[in-house]
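Enquirer: The structure that follows is given in the form of structure tokens.
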Amino acid sequence: MTTAPAPAPASTPAPAPAPARPDDPPYAPPYQSYVYAYPHKTAYRELPDRPALRELWAGEPQHALSLYLHIPFCEVRCGFCNLFTRIGGPDGLTTAYLDALDRQAGAVRAALDEGARFALAAFGGGTPTYLSAAELERLCDIAEHRMGADLRAVPLSVEASPATATADRLAVLAERGTTRLSLGVQSFVDAEARSAVRPQKRADVEAALDRIRAAGFPVLNIDLIYGIDGQTEASWLHSLDAALAWQPEELYLYPLYVRPLTGLARRGEAESPAQWDARRLALYRSGRDHLLAHGYEQVSMRMFRRASAPQAGVSEYACQTDGMVGLGCGARSYTSRLHYSFDYAVDATEVRRIIDDYVATETFDRAVVGRAMTPAEARRRHLVQSLLQAEGVALAEYRARFGSTPAEDFPAELAAFTARGWLAEGADGTDGADGASGAGRLRLSSEGLAHSDAVGPMLFSPEVRTLMAEYEAK
């Protein structure tokens, strides 16, 4: 099912935001930070005592862990990318990296309980499919034979790019049990891809999608970006329709961010922050409404799932409470007491240094960089991880875990959300007098979901805010 490239129609830019009224709450920029985890990695610091992994995992629930393997290689670095990744690598580097990943897996598995089991797995990056087919086989072997994850029995998600989604790589991933293949497309309009410094052609994207569908993955996800310089509502809907032609089970709509040390950051700004905010919000709303009209359900600000589609396997893992084991130099691991990782960077020279240090490491039995989790931070994390989902916070579960309600723990934050119309009608963060199961949920309104990248940062603790502000990008 390959379609020929088509020109994108033109349209007028989104209008500027309306002036604020005297009784409006202070302006909160809608695009502050994508909060996919809390605390943010820029709040991590070197751990002076370097605790042993065996001590960190002792006593932790390990019946439903998440496993994440990070591959920090890409064939090209997009202009918007601030992920931990490097372009290509000298001969032998991917082999050396997998050797180090294997050593780390052995050390981490020895620190877990004998009966530890994984409820889901993911390969991310970078671009995992930068690896050759044989190297992907080895990556799966590390997850299965070293870590004990049954990849054919649990949901397995893998990220790919059009250029690396080759038939031999896809065959390996399909045979090893991949249930969800996520393809980073960003735009089906060639001019927009160039504007985002992502050199690709729509014809190549369509060919990759053809191969992915032929490989038979149960769930296809397509990533798209809005807010690209020159993008209009018409061209945005053009990209959405091009994606919908493939009937993807999932679609992720990402707002464009321009971060320090990225390619786009060096090109300057084409419009004022307020104009860009207004344009991104307008594009988000048109994209959301378009997908809802085409039979998709909104799961979060970014994620939309086709109502008739299967999920990528049913998992008992709960991101609010269950631990995560991350392998690779850009991966994070979560226990109830500590979130930890390795050093982080965006600058190409610094990324290469960290990868070289990782590859040279012989012993991986201690945590190097991290952030301790206090009971107060655990409450914030639970609220962030739940409230930014469309289904919201299950109040009875929150009370069962913490003995309180969000309204009791975060009165100022919830009051600010209410003043802005970001909470759903009747949502006050309480669960009734008896706190009975099923008594209610705390949910964001439609506008609250639209402002998720402001809601999340407003829930950060003062300590985490300070650490993030003091962090020096490298």
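By order in the structure tokens, chains are A, B, ...; within a chain, residues start at 1; ligands start at 1, following the order shown.
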Using DSSP assignments from the backbone, pull out every residue in stretch 320-439 of chain A that falls under strand (DSSP E) and give it to me as a list in words.
Expert: Met324, Val325, Gly326, Leu327, Ser333, Tyr334, Leu338, His339, Tyr340, Ser341, Val369, Gly370, Arg371, Ala372, Val393 and Ala394 of chain A
Enquirer: Which of stretch 275-409 of chain A end up as alpha helix (DSSP H) when DSSP is run on this backbone - answer as a PDB file with C-alpha atoms, in the first residue's frame?
Expert:
```
ATOM      1  CA  GLN A 275       2.630  33.307  18.537  1.00  0.00           C
ATOM      2  CA  TRP A 276       4.257  29.893  18.512  1.00  0.00           C
ATOM      3  CA  ASP A 277       2.268  28.807  21.580  1.00  0.00           C
ATOM      4  CA  ALA A 278      -0.964  29.901  19.875  1.00  0.00           C
ATOM      5  CA  ARG A 279      -0.051  28.106  16.633  1.00  0.00           C
ATOM      6  CA  ARG A 280       0.878  24.877  18.410  1.00  0.00           C
ATOM      7  CA  LEU A 281      -2.325  24.931  20.488  1.00  0.00           C
ATOM      8  CA  ALA A 282      -4.426  25.513  17.372  1.00  0.00           C
ATOM      9  CA  LEU A 283      -2.693  22.655  15.553  1.00  0.00           C
ATOM     10  CA  TYR A 284      -3.079  20.367  18.563  1.00  0.00           C
ATOM     11  CA  ARG A 285      -6.814  21.047  18.783  1.00  0.00           C
ATOM     12  CA  SER A 286      -7.393  20.498  15.075  1.00  0.00           C
ATOM     13  CA  GLY A 287      -5.360  17.277  15.176  1.00  0.00           C
ATOM     14  CA  ARG A 288      -7.165  16.025  18.282  1.00  0.00           C
ATOM     15  CA  ASP A 289     -10.586  16.746  16.834  1.00  0.00           C
ATOM     16  CA  HIS A 290      -9.613  15.131  13.520  1.00  0.00           C
ATOM     17  CA  LEU A 291      -8.563  11.891  15.210  1.00  0.00           C
ATOM     18  CA  LEU A 292     -11.615  11.794  17.482  1.00  0.00           C
ATOM     19  CA  ALA A 293     -13.803  12.192  14.398  1.00  0.00           C
ATOM     20  CA  ALA A 348      27.745  15.279  20.512  1.00  0.00           C
ATOM     21  CA  THR A 349      31.209  15.339  22.110  1.00  0.00           C
ATOM     22  CA  GLU A 350      29.800  14.725  25.584  1.00  0.00           C
ATOM     23  CA  VAL A 351      27.535  11.936  24.328  1.00  0.00           C
ATOM     24  CA  ARG A 352      30.505  10.181  22.728  1.00  0.00           C
ATOM     25  CA  ARG A 353      32.468  10.505  25.975  1.00  0.00           C
ATOM     26  CA  ILE A 354      29.677   8.944  28.036  1.00  0.00           C
ATOM     27  CA  ILE A 355      29.211   6.080  25.564  1.00  0.00           C
ATOM     28  CA  ASP A 356      32.954   5.423  25.548  1.00  0.00           C
ATOM     29  CA  ASP A 357      32.987   5.384  29.360  1.00  0.00           C
ATOM     30  CA  TYR A 358      30.043   2.976  29.394  1.00  0.00           C
ATOM     31  CA  VAL A 359      31.666   0.632  26.890  1.00  0.00           C
ATOM     32  CA  ALA A 360      34.868   0.603  28.965  1.00  0.00           C
ATOM     33  CA  PRO A 375       7.309   9.986  50.529  1.00  0.00           C
ATOM     34  CA  ALA A 376       6.370  13.522  49.439  1.00  0.00           C
ATOM     35  CA  GLU A 377       8.029  13.023  46.038  1.00  0.00           C
ATOM     36  CA  ALA A 378       6.291   9.653  45.678  1.00  0.00           C
ATOM     37  CA  ARG A 379       2.939  11.450  46.067  1.00  0.00           C
ATOM     38  CA  ARG A 380       3.916  13.960  43.391  1.00  0.00           C
ATOM     39  CA  ARG A 381       5.076  11.227  41.045  1.00  0.00           C
ATOM     40  CA  HIS A 382       1.848   9.267  41.480  1.00  0.00           C
ATOM     41  CA  LEU A 383      -0.217  12.377  40.760  1.00  0.00           C
ATOM     42  CA  VAL A 384       1.858  13.343  37.710  1.00  0.00           C
ATOM     43  CA  GLN A 385       1.857   9.830  36.237  1.00  0.00           C
ATOM     44  CA  SER A 386      -1.927   9.534  36.680  1.00  0.00           C
ATOM     45  CA  LEU A 387      -3.325  13.030  36.108  1.00  0.00           C
ATOM     46  CA  LEU A 395      -8.883   8.461  44.143  1.00  0.00           C
ATOM     47  CA  ALA A 396      -9.522   5.265  46.084  1.00  0.00           C
ATOM     48  CA  GLU A 397      -6.163   3.882  44.921  1.00  0.00           C
ATOM     49  CA  TYR A 398      -4.436   7.105  45.903  1.00  0.00           C
ATOM     50  CA  ARG A 399      -5.995   7.001  49.381  1.00  0.00           C
ATOM     51  CA  ALA A 400      -5.147   3.314  49.787  1.00  0.00           C
ATOM     52  CA  ARG A 401      -1.505   4.026  48.994  1.00  0.00           C
ATOM     53  CA  PHE A 402      -0.982   7.316  50.832  1.00  0.00           C
ATOM     54  CA  PRO A 406      -4.783  14.818  46.235  1.00  0.00           C
ATOM     55  CA  ALA A 407      -6.889  17.733  47.495  1.00  0.00           C
ATOM     56  CA  GLU A 408      -5.320  17.361  50.942  1.00  0.00           C
ATOM     57  CA  ASP A 409      -1.784  16.961  49.590  1.00  0.00           C
TER      58      ASP A 409
END
```
Enquirer: Would you mind listing what lies within 12 Å of A:Asp223 as a short mmCIF file (atom, residue, chain, number, x, y, z; two decimals) with C-alpha atoms, in the first residue's frame, with only C-alpha atoms counted and same-chain residues fewer than 4 positions away left out?
Expert:
```
data_model
loop_
_atom_site.label_atom_id
_atom_site.label_comp_id
_atom_site.auth_asym_id
_atom_site.auth_seq_id
_atom_site.Cartn_x
_atom_site.Cartn_y
_atom_site.Cartn_z
CA GLU A 159 11.15 2.22 18.15
CA ALA A 160 12.25 2.50 14.52
CA SER A 161 12.96 5.06 11.81
CA PRO A 162 11.92 4.77 8.15
CA LEU A 181 6.39 -1.08 16.40
CA SER A 182 6.64 2.70 16.72
CA LEU A 183 7.77 4.60 13.63
CA GLY A 184 9.10 8.14 13.91
CA VAL A 185 7.67 9.90 10.84
CA GLN A 186 7.06 13.44 12.23
CA SER A 187 5.67 14.73 8.91
CA PHE A 188 4.52 13.31 5.58
CA VAL A 205 8.28 6.61 4.69
CA SER A 239 -0.03 14.58 7.34
CA LEU A 240 -2.69 13.15 9.64
CA ALA A 243 -1.00 8.49 8.50
CA LEU A 244 -4.66 7.45 8.81
CA PRO A 248 -2.41 2.73 12.67
CA GLU A 249 -3.57 1.31 15.97
CA GLU A 250 -1.91 4.25 17.74
CA LEU A 251 -0.85 7.78 16.87
CA TYR A 252 1.33 10.08 18.96
CA LEU A 253 1.05 13.81 18.31
CA TYR A 254 4.08 15.66 19.67
CA PRO A 255 4.43 19.43 19.96
CA LEU A 256 7.73 20.65 18.56
CA ARG A 302 -0.03 12.92 22.98
CA MET A 303 -1.46 9.43 22.61
CA PHE A 304 -4.50 8.41 20.56
#
```
Enquirer: Can you measure atom CA of A:Arg211 to atom CA of A:Ala167 for me? One decimal in Å is fine.
Expert: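 Between these atoms lies a distance of 6.3 Å.
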Enquirer: A:Ala419, A:Ala193, A:Leu47, A:Ala208: which is nearest A:Ile228, counting only C-alpha atoms?
Expert: A:Ala193
Enquirer: For stretch 364-368 of chain A, list every protein, DNA or RNA residue within 6 Å, evaluated using only C-alpha atoms, and leave out those in the same chain fewer than 4 positions away; present the list as a ChimeraX atom specification.
Expert: /A:47,50-53,104,107,342
Enquirer: Hey, can you spit out that residue selection with N, CA and C atoms as a tab-separated table (two decimals), in the first residue's frame?
Expert:
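Saved as again-v3.tsv:
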```tsv
chain	number	residue	atom	x	y	z
A	47	LEU	N	25.85	10.23	42.80
A	47	LEU	CA	25.60	9.63	44.11
A	47	LEU	C	26.94	9.38	44.80
A	50	ARG	N	27.44	5.80	45.91
A	50	ARG	CA	27.28	4.77	44.88
A	50	ARG	C	26.72	3.47	45.47
A	51	PRO	N	25.45	3.48	45.84
A	51	PRO	CA	24.89	2.30	46.52
A	51	PRO	C	24.88	1.06	45.63
A	52	ALA	N	25.03	-0.09	46.25
A	52	ALA	CA	25.01	-1.36	45.53
A	52	ALA	C	23.59	-1.66	45.04
A	53	LEU	N	23.49	-2.15	43.81
A	53	LEU	CA	22.18	-2.46	43.25
A	53	LEU	C	21.44	-3.49	44.09
A	104	GLN	N	26.30	-5.47	31.91
A	104	GLN	CA	25.38	-4.78	32.82
A	104	GLN	C	24.18	-5.67	33.15
A	107	ALA	N	25.02	-8.14	35.84
A	107	ALA	CA	25.12	-7.54	37.17
A	107	ALA	C	23.75	-7.18	37.72
A	342	PHE	N	22.87	6.73	34.39
A	342	PHE	CA	24.24	7.18	34.16
A	342	PHE	C	24.20	8.67	33.83
```
Enquirer: So which one's closest to A:Ala64, A:Gln389, A:Arg117, A:Ala133, A:Ala274? Using only C-alpha atoms, please.
Expert: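 So, comparing all the options, the nearest one is A:Arg117.
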Enquirer: When you draw a straight line from atom CA of A:Tyr257 to atom CA of A:Trp236, how long is it in Å?
Expert: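 According to the coordinates, atom CA of A:Tyr257 and atom CA of A:Trp236 are separated by 16.4 Å.
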Enquirer: Need the shell around A:Ser452: protein/DNA/RNA residues with any atom at most 7 Å away, counting only C-alpha atoms. Skip same-chain ones fewer than 4 positions apart. Format as a PyMOL selection string?
Expert: chain A and resi 301+388+448+456
Enquirer: Keeping only N, CA, C and O atoms, write the selected residues to a file as a PDB file, in the first residue's frame.
Expert:
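Result went into selection-v7.pdb, see below:
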```
ATOM      1  N   MET A 301      -2.485  13.644  26.342  1.00  0.00           N
ATOM      2  CA  MET A 301      -2.322  14.751  25.411  1.00  0.00           C
ATOM      3  C   MET A 301      -1.716  14.266  24.099  1.00  0.00           C
ATOM      4  O   MET A 301      -2.111  14.704  23.012  1.00  0.00           O
ATOM      5  N   LEU A 388      -1.911  13.103  34.110  1.00  0.00           N
ATOM      6  CA  LEU A 388      -1.625  13.426  32.714  1.00  0.00           C
ATOM      7  C   LEU A 388      -2.193  12.390  31.750  1.00  0.00           C
ATOM      8  O   LEU A 388      -2.045  12.524  30.540  1.00  0.00           O
ATOM      9  N   GLY A 448      -7.441  21.077  30.040  1.00  0.00           N
ATOM     10  CA  GLY A 448      -6.361  20.634  30.919  1.00  0.00           C
ATOM     11  C   GLY A 448      -5.429  19.671  30.212  1.00  0.00           C
ATOM     12  O   GLY A 448      -4.200  19.782  30.305  1.00  0.00           O
ATOM     13  N   GLY A 456       2.055  19.346  34.272  1.00  0.00           N
ATOM     14  CA  GLY A 456       3.117  18.528  34.860  1.00  0.00           C
ATOM     15  C   GLY A 456       4.155  19.351  35.603  1.00  0.00           C
ATOM     16  O   GLY A 456       4.414  19.108  36.790  1.00  0.00           O
TER      17      GLY A 456
END
```
Enquirer: For A:Ile87, please output as a ChimeraX atom specification all residues within 12 Å (counting only C-alpha atoms; exclusion window: fewer than 5 positions along the same chain).
Expert: /A:71-78,81,93-94,125-127,130,346-349,351-352,355
Enquirer: Tell me, in Å to one decimal, how far atom CA of A:Asp204 is from atom CA of A:Val189.
Expert: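 Pair atom CA of A:Asp204 / atom CA of A:Val189 returns 11.9 Å.
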